[in-house]
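Report on the structure given below.
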Amino acid sequence: MAKKILLLDGNSLAYRAFFALPLLTNENGIHTNAVYGFTMMLQRILEEEKPTHMIVAFDAGKTTFRHKTFSEYKGGRQKTPPELSEQFPYLKKLIDAYRIKRYELENYEADDIIGTLSLEAEREGDEVVVISGDKDLTQLASPSTTVYITRKGITDIEKYTVEHIKEKYGLTPDQIIDMKGLMGDASDNIPGVPGVGEKTALKLLAAHGSVEGVYAAIGQQKGKMKEKLVANEDLAYISKQLATIERNAPIEIKIEELSYDGPDQDELVKVWNELAFKSLLEKMEYTAEETVKEELTFEVVTSIDPSILKDEMAVHLELYDEHYHSCDLLGVSLATETETYVIPMDVVEHSEAFRAWFKDPSKKKFMADSKAATAAFLRCGIELKGVDFDLMLGAYIVNPSLTYTDMASIVQEYGYTDVSTNEQIYGKGAKKKVPEDVILHEHIARKARTIWKVRPLVMEKLEENEQFDLYDKLELPLATVLGQMESLGVMVDRNQLSEMGKELSHKLEKIETDIYSLAGQEFNINSPKQLGVVLFENLGLPPLKKTKTGYSTAADVLEKLEGQHEIISHILLYRQLGKLLSTYIEGLLKEIHKDGKVHTRFQQALTTTGRLSSTNPNLQNIPVRLEEGRKIRKAFVPSEPGWVMVAADYSQIELRVLADMSEDERLVQAFKDDRDIHTTTASDVFHVPAEEVTGDMRRAAKAVNFGIVYGISDYGLSQNLNITRKEAAAFIDRYFASFPGVKTYMTTIVADAKRDGFVTTLMNRRRYLPDITSSNFNLRSFAERTAMNTPIQGSAADIIKKAMIDMDAALEREDMQTRMLLQVHDELIFEAPPDELDKLMKLVPEVMENAVKLSVPLKVDIAHGDTWYDTK
DNA sequence: GTCCTCACG
DNA sequence: ACGTACGTGAGGACG
């Protein structure tokens with residue numbers, strides 16, 4: 001197996017941590033900040049990098065071979081503060097507890113040990129990560145070696161790959177030493193050429209490649225610069241030599257000896273206790289407790305006696321994986337305060353008593369994922385009613401930013417660790433299987449027990465945050481509605497898709513040949529890397545934008561190049577059609593079940609804003625904007641002969657929400673007058689009457705309105721409208737001058753988020769924004785935009801969710817056959833028998849428009865047709 | 001598994 | 001100076 005080797009610069013990291021953190025002391029008066037910072041960084045690195053081999057290298061003694069070259073090396077440096085010196089023994093103890101090798105070598109610095117080991121690793125073809133606080137180490141970067149340099153603090157890391165160095169300095173890693181040779185390094189007292197700083201050094205290297213190159217072409221310099229260089233030639237060479245890391249140090253340790261197999265937990269606890277690392281110890285306890293679970297006795301039921309089915313019970317349906325429309329059902333567990341039962345699936349299916357109890361709404365069921373249970377049970381004709389608690393939804397409402405993959409991860413948030421993760425029970429990948437009954441039954445039993453135990457904690461949190469109504473009146477009933485929608489599924493015309501697929505394949509083949517001949521070569525058009533080489537190197541087109549790994553070939557970049565080469569439009573078309581074929585024809589065909597339908601799963605506890613998402617297949621991103629793609633919608637048809645599809649969407653729901661929340665008079669009035677909002681915005685911003693608003697003005701206003709909803713920034717708007725940042729900023733100013741209420745709202749919401757640490761929606765959904773007070777500009781700015789966007793997007797999500805519950809109730813009340821099939825953020829899709837159509841076309845807008853009462857009216861557009869495509 | 005690209009609201 | 005518009009999911013390439 002390939003190795004992943006981490007080489008840490010112990011001294012440098014300890015220094016960084018020491019100066020980055022305030023002086024902490026344990027109860028013995030020993031300072032611990034450097035060790036603490038080092039530990040935090042180590043924990044993170046171990047988690048993120050999962051190394052197979054590790055070493056921490058230290059400097060040895062006071063002098064090294066470098067002092068022989070230059071006696072003032074590292075001179076003038078302040079003595080290591082005693083508060084730091086005293087921490088080194090603890091640091092070494094800590095590293096030993098992690099069972100990580102450490103190494104030092106007389107006469108050499110940590111750099112040289114790392115340089116030597118990384119060279120050895122490269123020769124063996126292993127992946128290497130070097131971690132240090134010293135930028136000198138970046139000279140070690142190579143295709144297989146990345147150098148992580150801490151910046152500000154110790155857990156914030158900048159990753160220097162060969163590409164990153166090229167981008168940042170325009171240098172290759174081995175030119176770093178030439179840079180130091182010319183500019184020197186104050187911290188190590190490397191002199192360099194006096195008067196040459198980073199700028200000059202980079203300029204010289206760009207022209208001449210190396211220190212040697214500079215002096216070989218010294219004739220090209222003139223004036224003061226030439227004098228300086230000539231006078232200090234020796235210093236330049238010495239400096240370069242000093243900065244050069246020795247990569248053949250006489251070390252006596254081999255990479256094989258560095259294998260890392262995890263810490264000695266007992267030792268680690270000891271060291272942490274000694275240092276009084278309380279928060280780390282607490283975190284550790286969670287993981288430790290998992291092995292010591294509370295004893296549980298339960299009964300495996302072979303025939304259901306109705307007397308075990310109580311008025312209130314925790315109920316859990318165990319599913320083999322998350323694809324509950326198709327996966328195996330593995331059994332059911334029930335729990336009350338005193339009893340726990342496990343019921344095998346065949347017993348459940350054949351029990352009339354269970355069926356009757358399960359669909360009795362007066363029998364309260366406490367569950368973990370009631371939507372999955374609703375849909376999965378419907379597969380065997382078992383109806384579920386009376387869901388009174390849903391652990392996943394409750395936890396999601398308390399904090400939507402966490403990920404809810406399985407029950408163990410949810411309840412850990414509430415300090416409960418008696419349930420194993422599904423991965424622990426079933427394994428993963430090729431090794432995944434159902435374990436023997438003893439293990440399976442205990443796992444299932446624990447889940448019902450867990451629900452019972454954790455329910456009060458979740459309920460308490462919901463009450464405390466005043467989110468009980470959001471949970472009980474919105475998400476919980478919605479889960480049942482969604483479960484039914486998913487189970488119903490949407491009929492897809494397989495032949496229609498196949499025919500479109502054939503056509504597309506032919507077109508794509510033709511375009512492919514055209515592209516190859518225009519490029520003068522064959523290559524993989526789907527590979528951005530290969531495409532980048534063809535466009536920007538072989539054809540010589542200008543690369544307008546870069547990604548982390550190379551040239552960007554995204555559509556917006558290519559569009560700017562369209563006039564410059566005939567190949568561009570072919571590539572854009574190839575991309576567009578290729579997407580249709582792979583994702584929407586082939587992808588969708590794979591998802592059609594035996595009943596001829598697709599059964600998406602709506603994720604109800606995933607997004608941070610409160611929206612739903614849709615998977616396997618995603619039915620919330622079926623093409624609509626371009627006609628070629630829109631034709632995909634012809635394949636979505638009613639599941640009953642003669643029925644029709646109906647689509648109803650909210651008009652401008654997010655801007656209406658903004659109008660309501662900001663109470664901006666002009667915005668509110670615009671919606672009250674039912675005016676075209678983008679035209680109105682253009683008219684206000686450009687100070688012209690509505691009749692004189694041009695297409696371009698309206699387009700710009702529309703982009704500004706989008707920007708407002710996203711949490712406006714001049715940069716974002718300038719990108720979108722392809723204008724300069726200044727122009728974008730001017731637009732925004734004019735917008736705010738026209739809609740002062742919106743400006744006040746944006747300022748207020750950010751201030752509130754800073755004060756409270758979270759923002760809320762119309763129905764009191766919460767999103768925490770810890771980064772809003774960050775000193776990091778990017779993190780803070782992102783949090784600020786999120787603070788502006790989440791209440792808008794989230795409130796719109798609240799509204800349509802309420803409308804779905806009301807719509808479900810209305811169809812039931814009116815005893816209609818019409819079925820709600822899909823939700824796409826601001827629209828609902830139905831299939832309906834023709835005789836209900838007239839009624840439906842009135843009922844749906846009425847229900848949706850009255851889902852909530854805002855200070856502006858809600859407006860719904862509705863259409864019907866033979867297929868989804870025709871609902872326009 | 002991660003990155004890039006692109007489909008939707 | 002920093003370097004992004006908000007929220008998603010899926011497919012292909014590549015290591």
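Chain lettering (A, B, ...) mirrors the order of the structure tokens, residue numbering begins at 1 for each chain separately, and ligand numbering begins at 1 in order of display.
Using only C-alpha atoms (C1' of nucleotides), one finds that the residues of chain A close to chain B, at 6 Å or less, are Gln620, Asn621 and His825 of chain A.
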Per residue of chain C within 7 Å of chain A, note the shortest atom pair and the distance in Å to one decimal, counting only C-alpha atoms (C1' of nucleotides), and order the rows by chain and increasing residue number, as JSON lines.
```
{"residue": "C:DC2", "atom": "C1'", "partner": "A:Phe777", "partner_atom": "CA", "distance": 6.5}
{"residue": "C:DT4", "atom": "C1'", "partner": "A:Gly716", "partner_atom": "CA", "distance": 6.3}
{"residue": "C:DA5", "atom": "C1'", "partner": "A:Gly716", "partner_atom": "CA", "distance": 4.2}
{"residue": "C:DC6", "atom": "C1'", "partner": "A:Tyr710", "partner_atom": "CA", "distance": 4.4}
{"residue": "C:DT8", "atom": "C1'", "partner": "A:Ser613", "partner_atom": "CA", "distance": 6.3}
{"residue": "C:DG9", "atom": "C1'", "partner": "A:Asn618", "partner_atom": "CA", "distance": 6.3}
{"residue": "C:DA10", "atom": "C1'", "partner": "A:Thr583", "partner_atom": "CA", "distance": 6.7}
{"residue": "C:DG11", "atom": "C1'", "partner": "A:Thr583", "partner_atom": "CA", "distance": 6.4}
{"residue": "C:DG12", "atom": "C1'", "partner": "A:Asn526", "partner_atom": "CA", "distance": 6.9}
{"residue": "C:DA13", "atom": "C1'", "partner": "A:Ser527", "partner_atom": "CA", "distance": 5.8}
```
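Here atom CA of A:Met392 and atom CA of A:Ser362 stand 21.8 Å from one another.
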Practice item. With a distance cut-off of 12 Å and only C-alpha atoms (C1' of nucleotides), select the neighbouring residues of stretch 845-849 of chain A, excluding the residue or stretch itself and same-chain residues fewer than 3 positions from it, and output the selection as a VMD selection string. Key: chain A and resid 646 to 651 653 656 796 798 to 811 826 to 828 839 to 842 852 to 854 856 to 863
Practice item. Please return as a ChimeraX atom specification: the residues of stretch 44-133 of chain A that backbone DSSP assigns to helix (DSSP H, G or I). Key: /A:44-49,65-69,82-85,88-97,110-123
Restricting it to N, CA and C atoms, dump the selection as a short mmCIF file (atom, residue, chain, number, x, y, z; two decimals), in the first residue's frame.
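Output file again37.cif follows:
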```
data_model
loop_
_atom_site.label_atom_id
_atom_site.label_comp_id
_atom_site.auth_asym_id
_atom_site.auth_seq_id
_atom_site.Cartn_x
_atom_site.Cartn_y
_atom_site.Cartn_z
N ARG A 44 -5.81 17.81 14.52
CA ARG A 44 -6.45 18.13 13.25
C ARG A 44 -5.75 17.45 12.07
N ILE A 45 -4.44 17.53 12.12
CA ILE A 45 -3.67 16.93 11.03
C ILE A 45 -3.89 15.42 10.96
N LEU A 46 -3.92 14.77 12.12
CA LEU A 46 -4.12 13.32 12.14
C LEU A 46 -5.46 12.97 11.55
N GLU A 47 -6.46 13.74 11.93
CA GLU A 47 -7.81 13.49 11.43
C GLU A 47 -7.90 13.72 9.92
N GLU A 48 -7.31 14.81 9.48
CA GLU A 48 -7.47 15.17 8.08
C GLU A 48 -6.56 14.40 7.14
N GLU A 49 -5.37 14.10 7.60
CA GLU A 49 -4.40 13.52 6.67
C GLU A 49 -4.33 12.00 6.76
N PHE A 65 26.39 22.72 11.25
CA PHE A 65 27.42 22.87 10.22
C PHE A 65 27.32 24.25 9.56
N ARG A 66 26.16 24.87 9.63
CA ARG A 66 26.00 26.17 8.98
C ARG A 66 26.84 27.26 9.65
N HIS A 67 27.04 27.10 10.95
CA HIS A 67 27.84 28.11 11.65
C HIS A 67 29.28 28.12 11.17
N LYS A 68 29.73 26.98 10.64
CA LYS A 68 31.09 26.95 10.11
C LYS A 68 31.21 27.84 8.89
N THR A 69 30.13 27.87 8.08
CA THR A 69 30.13 28.70 6.89
C THR A 69 30.01 30.17 7.26
N PRO A 82 12.22 31.35 28.54
CA PRO A 82 12.15 30.21 29.47
C PRO A 82 10.75 29.60 29.52
N GLU A 83 9.71 30.45 29.32
CA GLU A 83 8.35 29.92 29.34
C GLU A 83 8.13 28.89 28.23
N LEU A 84 8.95 29.02 27.18
CA LEU A 84 8.85 28.02 26.10
C LEU A 84 9.77 26.84 26.36
N SER A 85 11.00 27.14 26.79
CA SER A 85 11.98 26.07 27.03
C SER A 85 11.40 25.00 27.95
N PHE A 88 9.37 22.08 26.36
CA PHE A 88 9.88 21.04 25.45
C PHE A 88 9.82 19.63 26.03
N PRO A 89 10.16 19.45 27.33
CA PRO A 89 10.04 18.09 27.86
C PRO A 89 8.61 17.54 27.76
N TYR A 90 7.65 18.40 28.00
CA TYR A 90 6.25 17.96 27.89
C TYR A 90 5.88 17.64 26.44
N LEU A 91 6.40 18.46 25.57
CA LEU A 91 6.12 18.24 24.15
C LEU A 91 6.63 16.86 23.73
N LYS A 92 7.82 16.53 24.21
CA LYS A 92 8.40 15.24 23.83
C LYS A 92 7.62 14.09 24.45
N LYS A 93 7.19 14.29 25.70
CA LYS A 93 6.34 13.28 26.36
C LYS A 93 5.06 13.06 25.56
N LEU A 94 4.49 14.17 25.13
CA LEU A 94 3.24 14.11 24.38
C LEU A 94 3.42 13.32 23.08
N ILE A 95 4.49 13.62 22.37
CA ILE A 95 4.75 12.95 21.10
C ILE A 95 4.93 11.45 21.32
N ASP A 96 5.60 11.11 22.43
CA ASP A 96 5.78 9.70 22.75
C ASP A 96 4.44 9.03 23.04
N ALA A 97 3.55 9.76 23.72
CA ALA A 97 2.24 9.19 24.04
C ALA A 97 1.45 8.92 22.76
N ALA A 110 16.32 20.60 12.22
CA ALA A 110 15.15 19.80 11.88
C ALA A 110 14.92 19.80 10.36
N ASP A 111 15.14 20.97 9.75
CA ASP A 111 15.00 21.10 8.29
C ASP A 111 15.75 20.03 7.51
N ASP A 112 16.97 19.77 7.96
CA ASP A 112 17.83 18.86 7.21
C ASP A 112 17.36 17.43 7.36
N ILE A 113 16.87 17.11 8.55
CA ILE A 113 16.31 15.77 8.78
C ILE A 113 15.11 15.57 7.86
N ILE A 114 14.27 16.61 7.85
CA ILE A 114 13.06 16.53 7.02
C ILE A 114 13.42 16.45 5.54
N GLY A 115 14.39 17.27 5.13
CA GLY A 115 14.81 17.28 3.73
C GLY A 115 15.36 15.94 3.30
N THR A 116 16.12 15.32 4.18
CA THR A 116 16.73 14.03 3.86
C THR A 116 15.67 12.94 3.76
N LEU A 117 14.75 12.95 4.73
CA LEU A 117 13.69 11.93 4.72
C LEU A 117 12.75 12.11 3.53
N SER A 118 12.46 13.38 3.20
CA SER A 118 11.52 13.59 2.10
C SER A 118 12.14 13.14 0.77
N LEU A 119 13.45 13.31 0.66
CA LEU A 119 14.13 12.86 -0.56
C LEU A 119 14.05 11.34 -0.67
N GLU A 120 14.29 10.67 0.46
CA GLU A 120 14.21 9.21 0.48
C GLU A 120 12.79 8.76 0.09
N ALA A 121 11.80 9.44 0.66
CA ALA A 121 10.40 9.08 0.38
C ALA A 121 10.08 9.27 -1.09
N GLU A 122 10.56 10.36 -1.65
CA GLU A 122 10.28 10.64 -3.05
C GLU A 122 10.86 9.55 -3.95
N ARG A 123 12.05 9.11 -3.60
CA ARG A 123 12.68 8.06 -4.40
C ARG A 123 11.84 6.79 -4.36
#
```
Residue contacts of stretch 483-494 of chain A (9 Å, only C-alpha atoms (C1' of nucleotides)) excluding same-chain residues fewer than 3 positions away, as a compact mmCIF listing (two decimals) with N, CA, C and O atoms, in the first residue's frame:
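Ended up saving to result16.txt:
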```
# COMPACT_ATOMS: atom_id res chain seq x y z
N HIS A 325 -36.16 3.05 -0.40
CA HIS A 325 -37.18 2.62 -1.36
C HIS A 325 -36.86 1.25 -1.95
O HIS A 325 -37.67 0.66 -2.64
N SER A 370 -38.90 9.26 10.59
CA SER A 370 -40.27 8.78 10.33
C SER A 370 -40.58 8.77 8.84
O SER A 370 -41.41 7.98 8.39
N LYS A 371 -39.93 9.62 8.07
CA LYS A 371 -40.18 9.62 6.62
C LYS A 371 -39.69 8.32 6.00
O LYS A 371 -40.39 7.70 5.19
N ALA A 372 -38.48 7.90 6.37
CA ALA A 372 -37.95 6.63 5.86
C ALA A 372 -38.88 5.49 6.26
O ALA A 372 -39.20 4.62 5.43
N ALA A 373 -39.33 5.50 7.50
CA ALA A 373 -40.20 4.43 7.97
C ALA A 373 -41.53 4.45 7.22
O ALA A 373 -42.03 3.42 6.79
N THR A 374 -42.09 5.65 7.04
CA THR A 374 -43.35 5.78 6.31
C THR A 374 -43.23 5.14 4.92
O THR A 374 -44.05 4.32 4.52
N ALA A 375 -42.17 5.53 4.20
CA ALA A 375 -42.00 5.05 2.83
C ALA A 375 -41.67 3.57 2.79
O ALA A 375 -42.22 2.82 1.97
N ALA A 376 -40.79 3.12 3.66
CA ALA A 376 -40.37 1.72 3.63
C ALA A 376 -41.52 0.78 4.01
O ALA A 376 -41.72 -0.26 3.39
N LEU A 378 -44.64 1.37 3.64
CA LEU A 378 -45.65 1.37 2.57
C LEU A 378 -45.32 0.31 1.51
O LEU A 378 -46.22 -0.19 0.83
N ARG A 379 -44.04 -0.04 1.38
CA ARG A 379 -43.67 -1.07 0.41
C ARG A 379 -44.29 -2.41 0.75
O ARG A 379 -44.54 -3.24 -0.13
N LEU A 478 -44.77 17.31 7.88
CA LEU A 478 -44.24 17.30 6.52
C LEU A 478 -43.57 15.96 6.19
O LEU A 478 -43.65 15.48 5.06
N ALA A 479 -42.94 15.36 7.20
CA ALA A 479 -42.24 14.09 6.97
C ALA A 479 -43.20 13.05 6.41
O ALA A 479 -42.86 12.31 5.47
N THR A 480 -44.38 12.99 6.96
CA THR A 480 -45.38 12.03 6.48
C THR A 480 -45.81 12.35 5.05
O THR A 480 -45.90 11.46 4.20
N LEU A 497 -37.08 8.82 -23.29
CA LEU A 497 -35.70 9.11 -22.90
C LEU A 497 -34.72 8.39 -23.82
O LEU A 497 -33.73 8.97 -24.27
N SER A 498 -34.99 7.11 -24.10
CA SER A 498 -34.07 6.35 -24.95
C SER A 498 -33.95 6.98 -26.32
O SER A 498 -32.84 7.08 -26.87
N GLU A 499 -35.08 7.40 -26.89
CA GLU A 499 -35.05 8.03 -28.21
C GLU A 499 -34.20 9.30 -28.18
O GLU A 499 -33.34 9.52 -29.05
N LEU A 588 -30.95 9.11 -15.37
CA LEU A 588 -32.36 8.96 -15.01
C LEU A 588 -32.86 7.55 -15.33
O LEU A 588 -33.59 6.94 -14.53
N LEU A 589 -32.46 7.02 -16.49
CA LEU A 589 -32.88 5.66 -16.87
C LEU A 589 -32.47 4.65 -15.80
O LEU A 589 -33.22 3.73 -15.49
N ILE A 592 -35.01 4.30 -12.79
CA ILE A 592 -36.41 3.89 -12.95
C ILE A 592 -36.64 2.52 -12.30
O ILE A 592 -35.93 1.57 -12.59
N ASP A 595 -41.78 -0.42 -11.31
CA ASP A 595 -43.12 0.13 -11.54
C ASP A 595 -43.10 1.24 -12.61
O ASP A 595 -44.12 1.88 -12.85
N GLY A 596 -41.95 1.44 -13.25
CA GLY A 596 -41.87 2.45 -14.30
C GLY A 596 -41.73 3.87 -13.76
O GLY A 596 -41.78 4.84 -14.50
N LYS A 597 -41.54 3.97 -12.44
CA LYS A 597 -41.47 5.31 -11.83
C LYS A 597 -40.11 5.56 -11.22
O LYS A 597 -39.36 4.63 -10.93
N VAL A 598 -39.80 6.83 -10.99
CA VAL A 598 -38.64 7.17 -10.16
C VAL A 598 -39.15 7.58 -8.79
O VAL A 598 -40.18 8.25 -8.66
N HIS A 599 -38.43 7.13 -7.77
CA HIS A 599 -38.79 7.45 -6.39
C HIS A 599 -37.63 8.20 -5.77
O HIS A 599 -36.69 7.59 -5.24
N THR A 600 -37.68 9.51 -5.85
CA THR A 600 -36.60 10.32 -5.26
C THR A 600 -36.66 10.20 -3.73
O THR A 600 -37.66 9.72 -3.18
N ARG A 601 -35.60 10.61 -3.08
CA ARG A 601 -35.68 10.79 -1.62
C ARG A 601 -35.44 12.26 -1.33
O ARG A 601 -34.41 12.82 -1.74
N PHE A 602 -36.38 12.87 -0.67
CA PHE A 602 -36.20 14.26 -0.25
C PHE A 602 -35.44 14.26 1.06
O PHE A 602 -35.89 13.67 2.04
N LYS A 634 -40.45 16.19 -21.08
CA LYS A 634 -41.50 15.45 -21.80
C LYS A 634 -41.59 14.00 -21.30
O LYS A 634 -42.60 13.33 -21.51
N ALA A 635 -40.53 13.52 -20.69
CA ALA A 635 -40.53 12.13 -20.23
C ALA A 635 -41.21 11.97 -18.87
O ALA A 635 -41.44 10.84 -18.42
N PHE A 636 -41.51 13.07 -18.21
CA PHE A 636 -42.21 12.99 -16.92
C PHE A 636 -43.71 13.10 -17.17
O PHE A 636 -44.21 14.16 -17.57
N VAL A 637 -44.40 11.98 -16.97
CA VAL A 637 -45.80 11.88 -17.40
C VAL A 637 -46.69 11.43 -16.24
O VAL A 637 -46.19 10.89 -15.26
N PRO A 638 -48.01 11.61 -16.36
CA PRO A 638 -48.92 11.13 -15.32
C PRO A 638 -48.88 9.60 -15.25
O PRO A 638 -48.58 8.94 -16.24
N SER A 639 -49.17 9.06 -14.08
CA SER A 639 -49.09 7.61 -13.92
C SER A 639 -50.43 6.93 -14.21
O SER A 639 -50.52 5.71 -14.14
N GLU A 640 -51.46 7.72 -14.50
CA GLU A 640 -52.76 7.14 -14.83
C GLU A 640 -53.15 7.64 -16.22
O GLU A 640 -52.93 8.81 -16.54
N ARG A 819 -52.75 13.92 -6.87
CA ARG A 819 -51.61 13.58 -6.02
C ARG A 819 -50.51 14.63 -6.14
O ARG A 819 -50.14 15.02 -7.24
N MET A 820 -49.99 15.04 -5.01
CA MET A 820 -48.83 15.92 -4.99
C MET A 820 -47.60 15.03 -5.20
O MET A 820 -47.43 14.02 -4.50
N LEU A 821 -46.75 15.39 -6.17
CA LEU A 821 -45.62 14.52 -6.50
C LEU A 821 -44.26 15.09 -6.11
O LEU A 821 -43.41 14.37 -5.61
N LEU A 822 -44.08 16.38 -6.38
CA LEU A 822 -42.74 16.95 -6.20
C LEU A 822 -42.79 18.37 -5.64
O LEU A 822 -43.79 19.09 -5.83
N GLU A 831 -50.10 15.38 -10.16
CA GLU A 831 -50.78 14.72 -11.28
C GLU A 831 -52.26 14.63 -10.88
O GLU A 831 -52.58 14.40 -9.71
```
Review point. Please, what distance in Å, to one decimal, runs between atom CA of A:Ala730 and atom CA of A:Arg666?
Key: 19.9 Å
**Study point:** Of the listed residues A:Phe38, A:Ser239, A:Ala141, A:Leu508, that which approaches A:Met183 most closely, counting only C-alpha atoms
**Key:** A:Ser239
May I have the residues within 12 Å of A:Gly520 as a CSV table (one decimal) with C-alpha atoms, in the first residue's frame, using only C-alpha atoms (C1' of nucleotides) and disregarding those fewer than 4 positions away in the same chain?
```
chain,number,residue,atom,x,y,z
A,513,THR,CA,-15.1,14.9,-34.8
A,514,ASP,CA,-15.4,18.6,-35.5
A,515,ILE,CA,-13.6,19.4,-32.2
A,516,TYR,CA,-10.8,17.0,-33.0
A,534,VAL,CA,-5.4,22.1,-26.0
A,535,LEU,CA,-7.0,25.6,-25.7
A,538,ASN,CA,-1.6,24.3,-28.2
A,539,LEU,CA,-4.1,26.8,-29.7
A,567,ILE,CA,-13.6,25.5,-31.5
```
I'd like the neighbourhood of A:Leu580 as a compact mmCIF listing (two decimals) with N, CA, C and O atoms (P, O5', C5', C4', C3', O3' and C1' of nucleotides), in the first residue's frame, where a residue qualifies if any of its atoms comes within 9 Å (using only C-alpha atoms (C1' of nucleotides)), though same-chain residues fewer than 6 positions away should be ignored.
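After the write, selection00.txt holds the following:
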```txt
# COMPACT_ATOMS: atom_id res chain seq x y z
N GLY A 501 -31.89 9.93 -26.17
CA GLY A 501 -30.51 9.50 -25.96
C GLY A 501 -29.82 9.15 -27.26
O GLY A 501 -28.68 9.54 -27.50
N LEU A 504 -29.08 12.29 -29.24
CA LEU A 504 -27.97 13.03 -28.62
C LEU A 504 -26.64 12.37 -28.93
O LEU A 504 -25.66 13.05 -29.23
N GLU A 586 -29.02 8.97 -19.33
CA GLU A 586 -28.48 7.72 -18.79
C GLU A 586 -28.69 7.64 -17.28
O GLU A 586 -29.09 6.61 -16.75
N PRO A 623 -33.52 19.97 -16.23
CA PRO A 623 -33.32 21.17 -17.05
C PRO A 623 -34.60 21.90 -17.42
O PRO A 623 -35.65 21.28 -17.61
N GLU A 628 -33.31 22.64 -25.42
CA GLU A 628 -32.85 21.26 -25.62
C GLU A 628 -33.00 20.44 -24.35
O GLU A 628 -33.41 19.28 -24.39
N GLY A 629 -32.63 21.05 -23.24
CA GLY A 629 -32.70 20.35 -21.97
C GLY A 629 -34.14 20.23 -21.47
O GLY A 629 -34.55 19.19 -20.96
N ILE A 632 -36.32 17.18 -21.78
CA ILE A 632 -36.26 16.05 -20.84
C ILE A 632 -37.60 15.94 -20.10
O ILE A 632 -38.06 14.85 -19.78
P DA B 7 -25.55 23.10 -18.03
O5' DA B 7 -26.89 22.93 -17.18
C5' DA B 7 -27.75 21.82 -17.41
C4' DA B 7 -28.46 21.46 -16.13
C3' DA B 7 -29.18 22.61 -15.43
O3' DA B 7 -30.43 22.88 -16.05
C1' DA B 7 -28.05 21.27 -13.85
```
Exercise for review: Name the residues in contact with A:Met225 at a cut-off of 12 Å, using only C-alpha atoms (C1' of nucleotides), excluding same-chain residues fewer than 3 positions from it; report them as a list in words.
Suggested key: Val193, Pro194, Gly195, Val196, Gly197, Thr200, Ala201, Leu204, Val214, Ile218, Gly219, Gln220, Gln221, Lys222, Lys228, Leu229, Val230, Ala231 and Asn232 of chain A
**Study point:** Atomic distance atom CA of A:Glu233 - atom CA of A:Asp59, expressed in Å with one decimal
**Key:** 29.6 Å
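Using only C-alpha atoms, the nearest neighbour of A:Thr748 within the list A:Val147, A:Ala832, A:Met661, A:Gln496 is A:Met661.
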